[in-house]
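Visitor: Have a look at the structure that comes next, please.
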Amino acid sequence: MKEQWMNDLKTIVNPDDIKIDEPLNKYTMTKLGGNADLLVMPSTEEEAAEVVKYAHQHDVPLFLLGNGSNMVIRDGGLRGIVLNLSKLDEIRIEGTTVYAQAGALIIDVSRAAAAQSLSGLEFSCGIPGSVGGAMAMNAGAYGGEINDVIVSCKIMTPSGDILNLTKEQLELGYRQSIIAKKGYYALSSIFELKKGDQATIDETIADLTYKRESKQPLEFPSAGSVFKRPPGHFAGKLIQDSGLQGKGVGGAEVSTKHAGFIINKGNATATDYIETIRMVQRTVKEKFNIDLETEVKIVGEDVK
C-alpha cells in the first residue's frame, strides 16, 4: 500500500518531497519516534489540499506534523501519510498586519515583527513551534497568547476544503481551539500588531529570551512544557514538591533545571518518555490529589 500511495502522490507533489518509512525522530524536538509509512512535504497550500483530499478519498490515515515541539510520537511510528508543512514558511508584513504560513516558526514571525518595530508577539519569541501548531493550541507564554493578536486563520477541513475562520470562529481558549477540536489543518494566519518603540521591544525580547534560556533545559531534547497548569497551581511546583526532579524511566528524566520539563538524556525511547509522564502523574495524584493533564500530545503506535 505504501508504494501505491507514493506513486499516486507523485502526481501531486515533487517525488523528492515524499519519503517512505522515514524516521520521525529527525522531525521531533524530543528526538523520539518511530517511522512514518509516508512523509509528504508539499511546497504549496494547493498541494497540501490535494494530499488531504487524496487521503480522505482513499481512506488513508493522515497526520499533520508541525515542527514536532509539543508531541511525543510512540516508538512504533505513524501509519498512513504524515503531512509536514515546513516548506510553507512565508512571512509577509504590510503596515501593522503580519501574514504567516503554517510552516513558519512562530519565533521567526516574532523576530520579523520586532524588526519592523511591531509589538504584540514578543511573548512568542521563545515558543519552539510552528505557526500552525501555535494556532491549534492557542500557544502562549509570559502573559501573552495567540488569541491576543490573531485576526483570522485559513484552514483545511479533513476532506480538503479550505475555509477562512475569523478570530471568533476559531474558539480560542486555554491551549485549545476549534482547529484542534475539529481536526482542521491550519494553512496560514493573519495577525494584527501595534507600532511600538524599538528599544522597548528589543528589551522585552532580550528579557524573555534570558528567562527562557536560564530556566529551561534547552541543552537537552524535550517536548517543552509537558503539563497544563492545573487550576490554582503550577505543574512544575507540584512536581518539584513531589521530589521528582532527576527521576525518570530509562533515558528520560524530569529536568533538574525546570520540573515541568521531561528531557531525553540521549538514549531515551518514546516509551521511556511516556512512562516518565505517567510516573509524574501518579506521584502528584498520590501526594496532592491533583490530576495533571498533559499539554503535549502523545500519538502513534507502540512497537509490535
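By order in the C-alpha cells, chains are A, B, ...; within a chain, residues start at 1; ligands start at 1, following the order shown.
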Could you name the residues that touch A:Lys194 at 12 Å or less, counting only C-alpha atoms, but leaving out those on the same chain fewer than 5 positions away, as a compact mmCIF listing (two decimals) with N, CA, C and O atoms, in the first residue's frame?

Guide:
# COMPACT_ATOMS: atom_id res chain seq x y z
N GLU A 94 2.73 43.90 6.14
CA GLU A 94 2.22 45.11 5.47
C GLU A 94 1.63 46.02 6.54
O GLU A 94 0.60 45.70 7.13
N GLY A 95 2.32 47.13 6.80
CA GLY A 95 1.88 48.03 7.87
C GLY A 95 1.99 47.34 9.21
O GLY A 95 3.06 46.88 9.60
N THR A 96 0.85 47.22 9.89
CA THR A 96 0.84 46.54 11.19
C THR A 96 0.26 45.12 11.09
O THR A 96 0.04 44.48 12.11
N THR A 97 0.03 44.68 9.87
CA THR A 97 -0.55 43.36 9.64
C THR A 97 0.54 42.36 9.26
O THR A 97 1.37 42.64 8.39
N VAL A 98 0.53 41.21 9.91
CA VAL A 98 1.53 40.16 9.64
C VAL A 98 0.83 38.92 9.10
O VAL A 98 -0.12 38.42 9.72
N ALA A 113 8.47 40.60 13.08
CA ALA A 113 7.63 41.70 13.55
C ALA A 113 8.44 42.70 14.35
O ALA A 113 8.32 43.93 14.16
N ALA A 114 9.31 42.20 15.23
CA ALA A 114 10.14 43.08 16.05
C ALA A 114 11.06 43.94 15.19
O ALA A 114 11.29 45.12 15.49
N GLN A 116 10.40 45.20 12.47
CA GLN A 116 9.59 46.28 11.89
C GLN A 116 8.97 47.17 12.97
O GLN A 116 8.02 47.91 12.70
N SER A 117 9.50 47.07 14.19
CA SER A 117 9.00 47.85 15.34
C SER A 117 7.53 47.57 15.64
O SER A 117 6.79 48.46 16.06
N LEU A 118 7.12 46.32 15.44
CA LEU A 118 5.75 45.93 15.72
C LEU A 118 5.69 45.17 17.04
O LEU A 118 6.47 44.24 17.27
N SER A 119 4.77 45.56 17.88
CA SER A 119 4.64 44.98 19.21
C SER A 119 3.39 44.12 19.32
O SER A 119 2.35 44.44 18.71
N GLY A 120 3.47 43.05 20.09
CA GLY A 120 2.33 42.17 20.32
C GLY A 120 2.69 40.71 20.30
O GLY A 120 2.00 39.88 20.90
N LEU A 121 3.77 40.37 19.60
CA LEU A 121 4.19 38.98 19.50
C LEU A 121 5.46 38.69 20.31
O LEU A 121 6.03 37.60 20.18
N GLU A 122 5.86 39.64 21.13
CA GLU A 122 7.09 39.42 21.92
C GLU A 122 6.99 38.15 22.77
O GLU A 122 7.99 37.44 22.95
N ASP A 148 -4.54 37.04 21.59
CA ASP A 148 -4.40 38.50 21.76
C ASP A 148 -4.17 39.22 20.43
O ASP A 148 -4.43 40.43 20.33
N VAL A 149 -3.64 38.51 19.43
CA VAL A 149 -3.18 39.18 18.21
C VAL A 149 -3.76 38.62 16.91
O VAL A 149 -3.59 39.21 15.85
N ILE A 201 10.77 47.08 22.59
CA ILE A 201 10.52 45.75 22.01
C ILE A 201 11.77 44.88 22.15
O ILE A 201 11.70 43.73 22.60

Visitor: So which residues touch A:Asp8 within 10 Å, counting only C-alpha atoms, skipping near sequence neighbours fewer than 6 positions away, as a VMD selection string?

Guide: chain A and resid 2 51 54

Visitor: For a quick check of understanding, using only C-alpha atoms, which of A:Ser222, A:Ser242, A:Asn267, A:Ser130 has the smallest distance to A:Ser188?

Guide: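 Result for the nearest residue to A:Ser188: A:Ser130.
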
Visitor: Quick one: pull the distance between atom CA of A:Ser225 and atom CA of A:Phe261, Å, one decimal.

Guide: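 Answer for the atom CA of A:Ser225 to atom CA of A:Phe261 separation: 5.2 Å.
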
Visitor: For each of A:Val303, A:Lys265, A:Glu145, A:Ala136, take the minimum atom-to-atom distance to A:Ser177, counting only C-alpha atoms, then give the residue where this is smallest.

Guide: A:Ala136

Visitor: For stretch 276-290 of chain A, list every protein, DNA or RNA residue within 9 Å, evaluated using only C-alpha atoms, and leave out those in the same chain fewer than 5 positions away; present the list as a list in words.

Guide: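 Contacts, in chain order: Val226, Phe227, Pro230, Leu238, Ile239, Asp241, Ser242, Leu244, Lys247, Gly248, Val249, Gly250, Ala252, Glu253, Val254, Ile262 and Thr271 of chain A.
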
Visitor: Out of A:Ile150, A:Met6, A:Gly126, A:Gly260, which residue has the shortest atom-to-atom distance to A:Asp207 when counting only C-alpha atoms?

Guide: A:Gly126

Visitor: With DSSP run on the backbone, what are the alpha helix (DSSP H) residues within stretch 50-226 of chain A? I'd like them as a PDB file with C-alpha atoms, in the first residue's frame.

Guide:
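Final file, result29.pdb:
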ATOM      1  CA  GLU A  50      -4.686  17.825  -2.761  1.00  0.00           C
ATOM      2  CA  VAL A  51      -2.787  15.491  -0.414  1.00  0.00           C
ATOM      3  CA  VAL A  52      -5.532  15.872   2.208  1.00  0.00           C
ATOM      4  CA  LYS A  53      -8.223  15.201  -0.410  1.00  0.00           C
ATOM      5  CA  TYR A  54      -6.356  12.118  -1.596  1.00  0.00           C
ATOM      6  CA  ALA A  55      -6.116  10.736   1.935  1.00  0.00           C
ATOM      7  CA  HIS A  56      -9.812  11.449   2.546  1.00  0.00           C
ATOM      8  CA  GLN A  57     -10.967   9.865  -0.718  1.00  0.00           C
ATOM      9  CA  ILE A 106       6.429  31.413  15.483  1.00  0.00           C
ATOM     10  CA  ILE A 107       9.835  32.546  16.799  1.00  0.00           C
ATOM     11  CA  ASP A 108      10.731  33.745  13.284  1.00  0.00           C
ATOM     12  CA  VAL A 109       7.408  35.591  12.988  1.00  0.00           C
ATOM     13  CA  SER A 110       8.089  37.283  16.317  1.00  0.00           C
ATOM     14  CA  ARG A 111      11.552  38.355  15.164  1.00  0.00           C
ATOM     15  CA  ALA A 112      10.285  39.621  11.811  1.00  0.00           C
ATOM     16  CA  ALA A 113       7.626  41.698  13.550  1.00  0.00           C
ATOM     17  CA  ALA A 114      10.136  43.082  16.053  1.00  0.00           C
ATOM     18  CA  ALA A 115      12.442  44.102  13.212  1.00  0.00           C
ATOM     19  CA  VAL A 131       2.506  28.957  13.341  1.00  0.00           C
ATOM     20  CA  GLY A 132       0.126  26.082  12.620  1.00  0.00           C
ATOM     21  CA  GLY A 133       0.863  24.429  15.938  1.00  0.00           C
ATOM     22  CA  ALA A 134       0.631  27.741  17.773  1.00  0.00           C
ATOM     23  CA  MET A 135      -2.805  28.313  16.238  1.00  0.00           C
ATOM     24  CA  ALA A 136      -4.090  24.835  17.067  1.00  0.00           C
ATOM     25  CA  ILE A 178     -11.646  24.731  17.027  1.00  0.00           C
ATOM     26  CA  ILE A 179      -8.687  23.672  14.863  1.00  0.00           C
ATOM     27  CA  ALA A 180      -7.730  21.036  17.417  1.00  0.00           C
ATOM     28  CA  LYS A 181     -11.333  20.148  18.281  1.00  0.00           C
ATOM     29  CA  LYS A 182     -12.418  19.536  14.677  1.00  0.00           C
ATOM     30  CA  GLN A 198      12.040  49.649  19.031  1.00  0.00           C
ATOM     31  CA  ALA A 199      14.195  49.838  22.156  1.00  0.00           C
ATOM     32  CA  THR A 200      11.327  48.646  24.357  1.00  0.00           C
ATOM     33  CA  ILE A 201      10.520  45.750  22.015  1.00  0.00           C
ATOM     34  CA  ASP A 202      14.171  44.691  21.854  1.00  0.00           C
ATOM     35  CA  GLU A 203      14.500  44.917  25.634  1.00  0.00           C
ATOM     36  CA  THR A 204      11.369  42.799  26.177  1.00  0.00           C
ATOM     37  CA  ILE A 205      12.559  40.102  23.783  1.00  0.00           C
ATOM     38  CA  ALA A 206      16.027  40.065  25.352  1.00  0.00           C
ATOM     39  CA  ASP A 207      14.495  39.743  28.825  1.00  0.00           C
ATOM     40  CA  LEU A 208      12.122  36.928  27.841  1.00  0.00           C
ATOM     41  CA  THR A 209      14.904  35.110  25.978  1.00  0.00           C
ATOM     42  CA  TYR A 210      17.125  35.305  29.069  1.00  0.00           C
ATOM     43  CA  LYS A 211      14.317  33.983  31.283  1.00  0.00           C
ATOM     44  CA  ARG A 212      13.741  31.071  28.931  1.00  0.00           C
ATOM     45  CA  GLU A 213      17.392  30.150  28.468  1.00  0.00           C
ATOM     46  CA  SER A 214      18.232  30.435  32.165  1.00  0.00           C
ATOM     47  CA  LYS A 215      15.239  28.481  33.436  1.00  0.00           C
TER      48      LYS A 215
END

Visitor: Can you tell me, as a PyMOL selection string, what residues are no more than 7 Å from A:Pro61 when counting only C-alpha atoms, ignoring any on the same chain fewer than 4 positions away?

Guide: chain A and resi 55+79-81

Visitor: Between atom CA of A:Lys26 and atom CA of A:Phe220, what is the distance, to one decimal in Å?

Guide: 14.7 Å

Visitor: May I ask for the distance between atom CA of A:Ser86 and atom CA of A:Leu65, given in Å to one decimal place?

Guide: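 Answer for the atom CA of A:Ser86 to atom CA of A:Leu65 separation: 8.9 Å.
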
Visitor: With a distance cut-off of 10 Å and only C-alpha atoms, select the neighbouring residues of A:Asp16, excluding the residue or stretch itself and same-chain residues fewer than 4 positions from it, and output the selection as a PDB file with all heavy atoms, in the first residue's frame.

Guide:
ATOM      1  N   LYS A  10       2.950  11.133  -6.263  1.00  0.00           N
ATOM      2  CA  LYS A  10       3.968  11.726  -7.147  1.00  0.00           C
ATOM      3  C   LYS A  10       3.341  12.599  -8.217  1.00  0.00           C
ATOM      4  O   LYS A  10       4.016  13.447  -8.817  1.00  0.00           O
ATOM      5  CB  LYS A  10       4.806  10.624  -7.799  1.00  0.00           C
ATOM      6  CG  LYS A  10       5.862  10.024  -6.885  1.00  0.00           C
ATOM      7  CD  LYS A  10       6.635   8.915  -7.589  1.00  0.00           C
ATOM      8  CE  LYS A  10       7.685   8.303  -6.681  1.00  0.00           C
ATOM      9  NZ  LYS A  10       8.408   7.187  -7.341  1.00  0.00           N
ATOM     10  N   VAL A  40       5.205  13.344   3.656  1.00  0.00           N
ATOM     11  CA  VAL A  40       4.981  14.176   2.478  1.00  0.00           C
ATOM     12  C   VAL A  40       5.153  15.639   2.865  1.00  0.00           C
ATOM     13  O   VAL A  40       4.571  16.101   3.849  1.00  0.00           O
ATOM     14  CB  VAL A  40       3.561  13.945   1.896  1.00  0.00           C
ATOM     15  CG1 VAL A  40       3.366  14.759   0.627  1.00  0.00           C
ATOM     16  CG2 VAL A  40       3.335  12.463   1.607  1.00  0.00           C
ATOM     17  N   MET A  41       5.946  16.371   2.061  1.00  0.00           N
ATOM     18  CA  MET A  41       6.250  17.775   2.355  1.00  0.00           C
ATOM     19  C   MET A  41       5.859  18.650   1.159  1.00  0.00           C
ATOM     20  O   MET A  41       6.683  18.951   0.296  1.00  0.00           O
ATOM     21  CB  MET A  41       7.732  17.931   2.679  1.00  0.00           C
ATOM     22  CG  MET A  41       8.198  17.029   3.814  1.00  0.00           C
ATOM     23  SD  MET A  41       9.977  17.077   4.108  1.00  0.00           S
ATOM     24  CE  MET A  41      10.136  18.687   4.887  1.00  0.00           C
TER      25      MET A  41
END
